[in-house]
Amino acid sequence: LVHLAPLPSAPEGPLPRASVLASFEDVSALEEAEAMRRDFVANVSHELRTPLTALMGFIETLRSSARDDAAARDRFLSIMEREAARMNRLVGDLLSLSRVEGEERMRPTGTLDLGLVLRGVLQGLAPVAEAASVTLIREGDERGLNVKGDPDQLTQVFSNLVENAIKYGGQGGEVRVTVEHIAHEPVLRGPAYRVSVIDKGEGIEPQHLPRLTERFYRVDSHRSREKGGTGLGLAIVKHIVARHRGRLRVESEKGRGSTFSVVLPAA
Ligand code: ADP
């Protein structure tokens, strides 16, 4: 309402209708942004408090009952290590998110080979896949896949997608990463590459799909936490893809698996 009051220099009389409407929309946009910021701070506090509470509880126990029990001490220290690692991941993801949000309007300038980025991602995640008994399969062109981009950020995009496919789609036994060349991508108005990360796991019900890239949105919070998730992976992916003028798409069928694909303009 404050915004609806005429400014001191404004002419006398009622404001023209259009400007009243515009001011009203500005106020509601501001309020919405403020509510989102409050939600985010509340979420971050909650996410940090959970492992902190566990840590404080175990410190207390180590001081008292577990003091003279070596086996219990070891067990508690392992749990404390896991909780500290969770906080570390969360803080790391928060920093990544804030960086990529800040850089979203700065187009990357260097050219990179997407094939090399994908090879690095699959090599890096080979031990994770093996531990989950998942076979990683790479299909499509390997060489000369030139895109304008930031290699570290695109590595983060595909690492997050492949890691999610292993974490949530691993029961399917395999995760495929395919690359296709698109001669003319209508929205990007030019040649592009589509990288798809395909799993045959649990899949996602349709009502969740539009919300997956929201910060801290999880289909099953307990499961995500159990798997070490922070709930920020796909939010980070979304901002990096936007910075690269790309498009992110999810197709999924409950019980059948999911395909997350990223289309990037070819250099
Ligand atoms: P998290 O840290 O929880 O994995 P993400 O932002 O990476 O956070 O993913 C958000 C949610 O999307 C996950 O908690 C999970 O419920 C769902 N999800 C992501 N990838 C997949 C997948 N391949 N199969 C099924 N569900 C998925």
# chains A, B, ... in the order shown; residues from 1 in each chain; ligands from 1

call {"tool": "residues_around", "arguments": {"residues": "Pro186 (chain A)", "least_positions_apart": "6", "cutoff": "12 Å", "atoms": "only C-alpha atoms", "output": "list in words"}}
result
Ala192, Arg247, Val263 and Pro265 of chain A

call {"tool": "residues_around", "arguments": {"residues": "region 149-166 of chain A", "least_positions_apart": "5", "cutoff": "7 Å", "atoms": "only C-alpha atoms", "output": "PyMOL selection string"}}
result
chain A and resi 108-112+117+121+129+134+175+197+199+233+237+240+244

call {"tool": "write_last_selection", "arguments": {"atoms": "C-alpha atoms", "output": "PDB file, in the first residue's frame"}}
result
ATOM      1  CA  PRO A 108      30.575 -18.701 -20.471  1.00  0.00           C
ATOM      2  CA  THR A 109      33.177 -17.791 -23.079  1.00  0.00           C
ATOM      3  CA  GLY A 110      35.490 -20.827 -23.399  1.00  0.00           C
ATOM      4  CA  THR A 111      34.862 -23.778 -25.710  1.00  0.00           C
ATOM      5  CA  LEU A 112      35.024 -27.315 -24.368  1.00  0.00           C
ATOM      6  CA  VAL A 117      33.572 -33.763 -19.619  1.00  0.00           C
ATOM      7  CA  VAL A 121      32.226 -37.642 -14.861  1.00  0.00           C
ATOM      8  CA  ALA A 129      28.342 -47.069  -9.307  1.00  0.00           C
ATOM      9  CA  VAL A 134      25.167 -50.302 -11.134  1.00  0.00           C
ATOM     10  CA  VAL A 175      22.480 -46.092 -15.969  1.00  0.00           C
ATOM     11  CA  VAL A 197      20.961 -39.674 -18.287  1.00  0.00           C
ATOM     12  CA  ASP A 199      17.846 -44.987 -15.387  1.00  0.00           C
ATOM     13  CA  GLY A 233      21.563 -30.846  -6.569  1.00  0.00           C
ATOM     14  CA  VAL A 237      21.832 -28.024 -12.245  1.00  0.00           C
ATOM     15  CA  ILE A 240      24.105 -23.851 -14.565  1.00  0.00           C
ATOM     16  CA  HIS A 244      24.703 -22.052 -20.679  1.00  0.00           C
TER      17      HIS A 244
END

call {"tool": "closest_atom_pairs", "arguments": {"of": "chain A", "to": "ligand 1", "cutoff": "8 Å", "atoms": "only C-alpha atoms and all ligand atoms", "output": "Markdown table"}}
result
| residue | atom | partner | partner_atom_place_in_ligand_line | distance |
| --- | --- | --- | --- | --- |
| A:Asn160 | CA | ligand 1 | 7 (O) | 6.3 |
| A:Leu161 | CA | ligand 1 | 20 (N) | 6.7 |
| A:Val162 | CA | ligand 1 | 23 (N) | 7.7 |
| A:Asn164 | CA | ligand 1 | 20 (N) | 4.5 |
| A:Ala165 | CA | ligand 1 | 23 (N) | 3.8 |
| A:Ile166 | CA | ligand 1 | 23 (N) | 7.1 |
| A:Lys167 | CA | ligand 1 | 23 (N) | 7.3 |
| A:Tyr168 | CA | ligand 1 | 24 (N) | 4.5 |
| A:Gly169 | CA | ligand 1 | 24 (N) | 5.0 |
| A:Ile198 | CA | ligand 1 | 23 (N) | 7.6 |
| A:Asp199 | CA | ligand 1 | 23 (N) | 6.3 |
| A:Gly201 | CA | ligand 1 | 24 (N) | 6.5 |
| A:Glu202 | CA | ligand 1 | 25 (C) | 5.9 |
| A:Gly203 | CA | ligand 1 | 25 (C) | 4.8 |
| A:Ile204 | CA | ligand 1 | 25 (C) | 5.4 |
| A:Leu212 | CA | ligand 1 | 12 (O) | 5.2 |
| A:Thr213 | CA | ligand 1 | 6 (O) | 6.0 |
| A:Glu214 | CA | ligand 1 | 6 (O) | 7.4 |
| A:Arg215 | CA | ligand 1 | 6 (O) | 6.9 |
| A:Phe216 | CA | ligand 1 | 6 (O) | 6.7 |
| A:Tyr217 | CA | ligand 1 | 10 (C) | 5.7 |
| A:Arg218 | CA | ligand 1 | 14 (O) | 3.7 |
| A:Val219 | CA | ligand 1 | 16 (O) | 3.8 |
| A:Asp220 | CA | ligand 1 | 16 (O) | 5.3 |
| A:Ser221 | CA | ligand 1 | 14 (O) | 6.4 |
| A:Arg223 | CA | ligand 1 | 14 (O) | 7.4 |
| A:Ser224 | CA | ligand 1 | 3 (O) | 4.4 |
| A:Arg225 | CA | ligand 1 | 3 (O) | 6.8 |
| A:Lys227 | CA | ligand 1 | 4 (O) | 7.7 |
| A:Gly228 | CA | ligand 1 | 2 (O) | 6.8 |
| A:Gly229 | CA | ligand 1 | 2 (O) | 3.1 |
| A:Thr230 | CA | ligand 1 | 2 (O) | 3.8 |
| A:Gly231 | CA | ligand 1 | 8 (O) | 3.3 |
| A:Leu232 | CA | ligand 1 | 6 (O) | 4.3 |
| A:Gly233 | CA | ligand 1 | 7 (O) | 3.6 |
| A:Leu234 | CA | ligand 1 | 6 (O) | 3.7 |
| A:Ala235 | CA | ligand 1 | 6 (O) | 5.8 |
| A:Ile236 | CA | ligand 1 | 6 (O) | 7.7 |
| A:Ser252 | CA | ligand 1 | 24 (N) | 7.9 |
| A:Gly257 | CA | ligand 1 | 24 (N) | 6.6 |
| A:Ser258 | CA | ligand 1 | 23 (N) | 5.5 |
| A:Thr259 | CA | ligand 1 | 23 (N) | 7.1 |
| A:Phe260 | CA | ligand 1 | 23 (N) | 7.3 |

call {"tool": "write_last_selection", "arguments": {"atoms": "N, CA and C atoms", "output": "short mmCIF file (atom, residue, chain, number, x, y, z; two decimals), in the first residue's frame"}}
result
data_model
loop_
_atom_site.label_atom_id
_atom_site.label_comp_id
_atom_site.auth_asym_id
_atom_site.auth_seq_id
_atom_site.Cartn_x
_atom_site.Cartn_y
_atom_site.Cartn_z
N ASN A 160 25.91 -34.51 -10.93
CA ASN A 160 24.68 -34.53 -10.12
C ASN A 160 23.64 -35.46 -10.74
N LEU A 161 23.49 -35.37 -12.08
CA LEU A 161 22.45 -36.19 -12.72
C LEU A 161 22.79 -37.68 -12.66
N VAL A 162 24.07 -38.00 -12.92
CA VAL A 162 24.44 -39.42 -12.92
C VAL A 162 24.40 -39.97 -11.49
N ASN A 164 22.45 -38.94 -9.06
CA ASN A 164 21.04 -39.16 -8.73
C ASN A 164 20.51 -40.44 -9.37
N ALA A 165 20.90 -40.65 -10.64
CA ALA A 165 20.42 -41.85 -11.34
C ALA A 165 20.90 -43.11 -10.62
N ILE A 166 22.13 -43.05 -10.08
CA ILE A 166 22.64 -44.21 -9.32
C ILE A 166 21.89 -44.32 -7.99
N LYS A 167 21.72 -43.17 -7.31
CA LYS A 167 21.10 -43.18 -5.97
C LYS A 167 19.65 -43.62 -6.01
N TYR A 168 18.88 -43.02 -6.97
CA TYR A 168 17.43 -43.26 -6.95
C TYR A 168 16.97 -44.23 -8.02
N GLY A 169 17.83 -44.50 -9.00
CA GLY A 169 17.40 -45.38 -10.09
C GLY A 169 18.26 -46.63 -10.16
N ILE A 198 19.82 -41.79 -18.28
CA ILE A 198 18.63 -42.65 -18.27
C ILE A 198 18.78 -43.75 -17.22
N ASP A 199 17.81 -43.84 -16.31
CA ASP A 199 17.85 -44.99 -15.39
C ASP A 199 16.55 -45.77 -15.50
N GLY A 201 15.07 -47.16 -12.79
CA GLY A 201 14.77 -47.38 -11.37
C GLY A 201 13.36 -47.02 -10.98
N GLU A 202 13.23 -46.40 -9.81
CA GLU A 202 11.91 -46.22 -9.20
C GLU A 202 10.99 -45.24 -9.91
N GLY A 203 11.57 -44.30 -10.67
CA GLY A 203 10.73 -43.31 -11.35
C GLY A 203 10.11 -42.31 -10.39
N ILE A 204 9.43 -41.31 -10.97
CA ILE A 204 8.89 -40.22 -10.16
C ILE A 204 7.45 -39.97 -10.60
N LEU A 212 10.92 -30.46 -9.01
CA LEU A 212 12.18 -31.11 -8.65
C LEU A 212 13.37 -30.16 -8.54
N THR A 213 13.34 -29.05 -9.33
CA THR A 213 14.51 -28.17 -9.30
C THR A 213 14.39 -27.07 -8.23
N GLU A 214 13.31 -27.12 -7.44
CA GLU A 214 13.22 -26.14 -6.33
C GLU A 214 14.23 -26.51 -5.25
N ARG A 215 14.75 -25.48 -4.60
CA ARG A 215 15.72 -25.73 -3.54
C ARG A 215 15.07 -26.52 -2.41
N PHE A 216 15.71 -27.61 -2.01
CA PHE A 216 15.29 -28.49 -0.90
C PHE A 216 14.04 -29.31 -1.21
N TYR A 217 13.58 -29.31 -2.47
CA TYR A 217 12.42 -30.16 -2.79
C TYR A 217 12.89 -31.60 -2.96
N ARG A 218 12.26 -32.51 -2.22
CA ARG A 218 12.58 -33.92 -2.37
C ARG A 218 11.28 -34.71 -2.46
N VAL A 219 11.30 -35.79 -3.26
CA VAL A 219 10.10 -36.63 -3.35
C VAL A 219 9.93 -37.37 -2.03
N ASP A 220 11.04 -37.84 -1.47
CA ASP A 220 10.99 -38.59 -0.22
C ASP A 220 12.18 -38.11 0.63
N SER A 221 11.87 -37.23 1.59
CA SER A 221 12.96 -36.58 2.36
C SER A 221 13.81 -37.59 3.10
N ARG A 223 14.40 -40.69 2.45
CA ARG A 223 15.26 -41.45 1.54
C ARG A 223 16.43 -40.60 1.04
N SER A 224 16.15 -39.34 0.71
CA SER A 224 17.20 -38.45 0.22
C SER A 224 18.28 -38.30 1.29
N ARG A 225 17.85 -38.07 2.54
CA ARG A 225 18.83 -37.88 3.63
C ARG A 225 19.63 -39.14 3.86
N LYS A 227 20.44 -41.25 1.75
CA LYS A 227 21.41 -41.41 0.66
C LYS A 227 22.43 -40.28 0.65
N GLY A 228 22.36 -39.40 1.66
CA GLY A 228 23.34 -38.31 1.75
C GLY A 228 23.00 -37.11 0.90
N GLY A 229 21.74 -37.02 0.43
CA GLY A 229 21.36 -35.89 -0.44
C GLY A 229 21.16 -34.60 0.35
N THR A 230 21.39 -33.46 -0.31
CA THR A 230 21.17 -32.16 0.34
C THR A 230 19.88 -31.52 -0.15
N GLY A 231 19.30 -32.04 -1.23
CA GLY A 231 18.10 -31.42 -1.80
C GLY A 231 18.41 -30.20 -2.66
N LEU A 232 19.70 -29.97 -2.94
CA LEU A 232 20.07 -28.78 -3.72
C LEU A 232 20.63 -29.13 -5.10
N GLY A 233 20.88 -30.43 -5.34
CA GLY A 233 21.56 -30.85 -6.57
C GLY A 233 20.89 -30.35 -7.84
N LEU A 234 19.57 -30.55 -7.95
CA LEU A 234 18.90 -30.18 -9.19
C LEU A 234 18.70 -28.67 -9.31
N ALA A 235 18.65 -27.98 -8.16
CA ALA A 235 18.58 -26.50 -8.21
C ALA A 235 19.88 -25.97 -8.82
N ILE A 236 20.99 -26.55 -8.41
CA ILE A 236 22.30 -26.14 -8.96
C ILE A 236 22.34 -26.43 -10.46
N SER A 252 9.60 -39.13 -16.73
CA SER A 252 9.69 -40.22 -15.77
C SER A 252 8.38 -40.96 -15.69
N GLY A 257 11.38 -45.81 -14.35
CA GLY A 257 12.65 -45.11 -14.48
C GLY A 257 12.50 -43.67 -14.95
N SER A 258 13.63 -42.99 -15.02
CA SER A 258 13.62 -41.55 -15.34
C SER A 258 14.68 -41.23 -16.37
N THR A 259 14.41 -40.20 -17.16
CA THR A 259 15.41 -39.67 -18.09
C THR A 259 15.53 -38.17 -17.84
N PHE A 260 16.71 -37.75 -17.46
CA PHE A 260 17.01 -36.32 -17.30
C PHE A 260 17.86 -35.93 -18.49
#

call {"tool": "select_by_dssp", "arguments": {"residues": "region 79-211 of chain A", "states": "strand (DSSP E or B)", "output": "JSON, numbers by chain"}}
result
{"A": [111, 112, 113, 135, 136, 137, 138, 139, 140, 146, 147, 148, 174, 175, 176, 177, 178, 179, 180, 181, 182, 183, 184, 185, 190, 191, 192, 193, 194, 195, 196, 197, 198, 199]}

call {"tool": "write_last_selection", "arguments": {"atoms": "N, CA and C atoms", "output": "CSV table (one decimal), in the first residue's frame"}}
result
chain,number,residue,atom,x,y,z
A,111,THR,N,35.5,-22.6,-25.0
A,111,THR,CA,34.9,-23.8,-25.7
A,111,THR,C,35.4,-25.1,-25.1
A,112,LEU,N,34.5,-26.1,-25.0
A,112,LEU,CA,35.0,-27.3,-24.4
A,112,LEU,C,34.5,-28.5,-25.1
A,113,ASP,N,35.1,-29.7,-24.9
A,113,ASP,CA,34.6,-30.9,-25.5
A,113,ASP,C,33.7,-31.7,-24.5
A,135,THR,N,25.8,-50.6,-13.5
A,135,THR,CA,26.7,-50.5,-14.6
A,135,THR,C,26.5,-49.2,-15.3
A,136,LEU,N,27.5,-48.5,-15.5
A,136,LEU,CA,27.4,-47.2,-16.2
A,136,LEU,C,27.7,-47.5,-17.7
A,137,ILE,N,26.8,-47.0,-18.6
A,137,ILE,CA,26.9,-47.3,-20.0
A,137,ILE,C,27.0,-45.9,-20.8
A,138,ARG,N,28.0,-45.8,-21.6
A,138,ARG,CA,28.1,-44.5,-22.4
A,138,ARG,C,27.7,-44.8,-23.8
A,139,GLU,N,26.8,-44.1,-24.4
A,139,GLU,CA,26.4,-44.3,-25.8
A,139,GLU,C,26.5,-43.0,-26.6
A,140,GLY,N,26.7,-43.1,-27.9
A,140,GLY,CA,26.7,-41.9,-28.8
A,140,GLY,C,28.1,-41.4,-29.1
A,146,ASN,N,31.7,-30.0,-29.4
A,146,ASN,CA,32.1,-28.7,-28.9
A,146,ASN,C,31.0,-27.8,-28.5
A,147,VAL,N,31.0,-27.4,-27.2
A,147,VAL,CA,30.0,-26.4,-26.8
A,147,VAL,C,30.8,-25.3,-26.0
A,148,LYS,N,30.1,-24.1,-26.0
A,148,LYS,CA,30.6,-23.0,-25.2
A,148,LYS,C,30.2,-23.2,-23.8
A,174,GLU,N,21.3,-50.5,-14.3
A,174,GLU,CA,22.2,-49.8,-15.2
A,174,GLU,C,21.8,-48.3,-15.4
A,175,VAL,N,22.7,-47.5,-15.7
A,175,VAL,CA,22.5,-46.1,-16.0
A,175,VAL,C,23.2,-45.8,-17.3
A,176,ARG,N,22.4,-45.3,-18.3
A,176,ARG,CA,22.9,-45.0,-19.6
A,176,ARG,C,23.1,-43.5,-19.8
A,177,VAL,N,24.2,-43.1,-20.4
A,177,VAL,CA,24.4,-41.7,-20.7
A,177,VAL,C,24.6,-41.6,-22.2
A,178,THR,N,23.7,-40.9,-22.9
A,178,THR,CA,23.7,-40.9,-24.3
A,178,THR,C,23.9,-39.5,-24.8
A,179,VAL,N,24.5,-39.3,-26.0
A,179,VAL,CA,24.7,-38.0,-26.6
A,179,VAL,C,24.1,-38.0,-28.0
A,180,GLU,N,23.3,-37.0,-28.3
A,180,GLU,CA,22.8,-36.9,-29.7
A,180,GLU,C,23.1,-35.5,-30.2
A,181,HIS,N,23.4,-35.5,-31.5
A,181,HIS,CA,23.6,-34.2,-32.2
A,181,HIS,C,22.2,-33.8,-32.8
A,182,ILE,N,21.8,-32.6,-32.5
A,182,ILE,CA,20.5,-32.1,-33.1
A,182,ILE,C,20.9,-31.0,-34.1
A,183,ALA,N,20.6,-31.2,-35.4
A,183,ALA,CA,21.0,-30.3,-36.5
A,183,ALA,C,20.4,-28.9,-36.3
A,184,HIS,N,19.1,-28.9,-35.9
A,184,HIS,CA,18.5,-27.6,-35.7
A,184,HIS,C,17.5,-27.7,-34.5
A,185,GLU,N,17.9,-27.1,-33.4
A,185,GLU,CA,17.0,-27.2,-32.2
A,185,GLU,C,16.1,-26.0,-32.3
A,190,GLY,N,19.3,-23.4,-33.5
A,190,GLY,CA,20.6,-23.7,-34.1
A,190,GLY,C,21.0,-25.1,-33.7
A,191,PRO,N,22.2,-25.5,-34.1
A,191,PRO,CA,22.6,-26.9,-33.7
A,191,PRO,C,22.9,-27.0,-32.2
A,192,ALA,N,22.6,-28.3,-31.8
A,192,ALA,CA,22.8,-28.5,-30.3
A,192,ALA,C,23.1,-29.9,-30.0
A,193,TYR,N,23.5,-30.2,-28.8
A,193,TYR,CA,23.7,-31.6,-28.3
A,193,TYR,C,22.7,-31.9,-27.2
A,194,ARG,N,22.2,-33.1,-27.2
A,194,ARG,CA,21.3,-33.5,-26.1
A,194,ARG,C,22.0,-34.6,-25.4
A,195,VAL,N,22.3,-34.4,-24.1
A,195,VAL,CA,22.9,-35.5,-23.3
A,195,VAL,C,21.7,-36.0,-22.4
A,196,SER,N,21.5,-37.3,-22.4
A,196,SER,CA,20.4,-37.9,-21.6
A,196,SER,C,21.0,-38.8,-20.6
A,197,VAL,N,20.5,-38.7,-19.3
A,197,VAL,CA,21.0,-39.7,-18.3
A,197,VAL,C,19.7,-40.5,-18.0
A,198,ILE,N,19.8,-41.8,-18.3
A,198,ILE,CA,18.6,-42.6,-18.3
A,198,ILE,C,18.8,-43.8,-17.2
A,199,ASP,N,17.8,-43.8,-16.3
A,199,ASP,CA,17.8,-45.0,-15.4
A,199,ASP,C,16.6,-45.8,-15.5

call {"tool": "closest_residue", "arguments": {"among": "A:Val128, A:His46, A:Met80, A:Val250", "to": "Leu62 (chain A)", "atoms": "only C-alpha atoms"}}
result
A:Met80

call {"tool": "select_by_dssp", "arguments": {"residues": "region 155-259 of chain A", "states": "helix (DSSP H, G or I)", "output": "ChimeraX atom specification"}}
result
/A:155-172,206-211,221-226,233-243

call {"tool": "atom_distance", "arguments": {"atom1": "CA of Pro210 (chain A)", "atom2": "CA of Lys238 (chain A)"}}
result
12.0 Å

call {"tool": "atom_distance", "arguments": {"atom1": "CA of Glu83 (chain A)", "atom2": "CA of Arg49 (chain A)"}}
result
10.7 Å
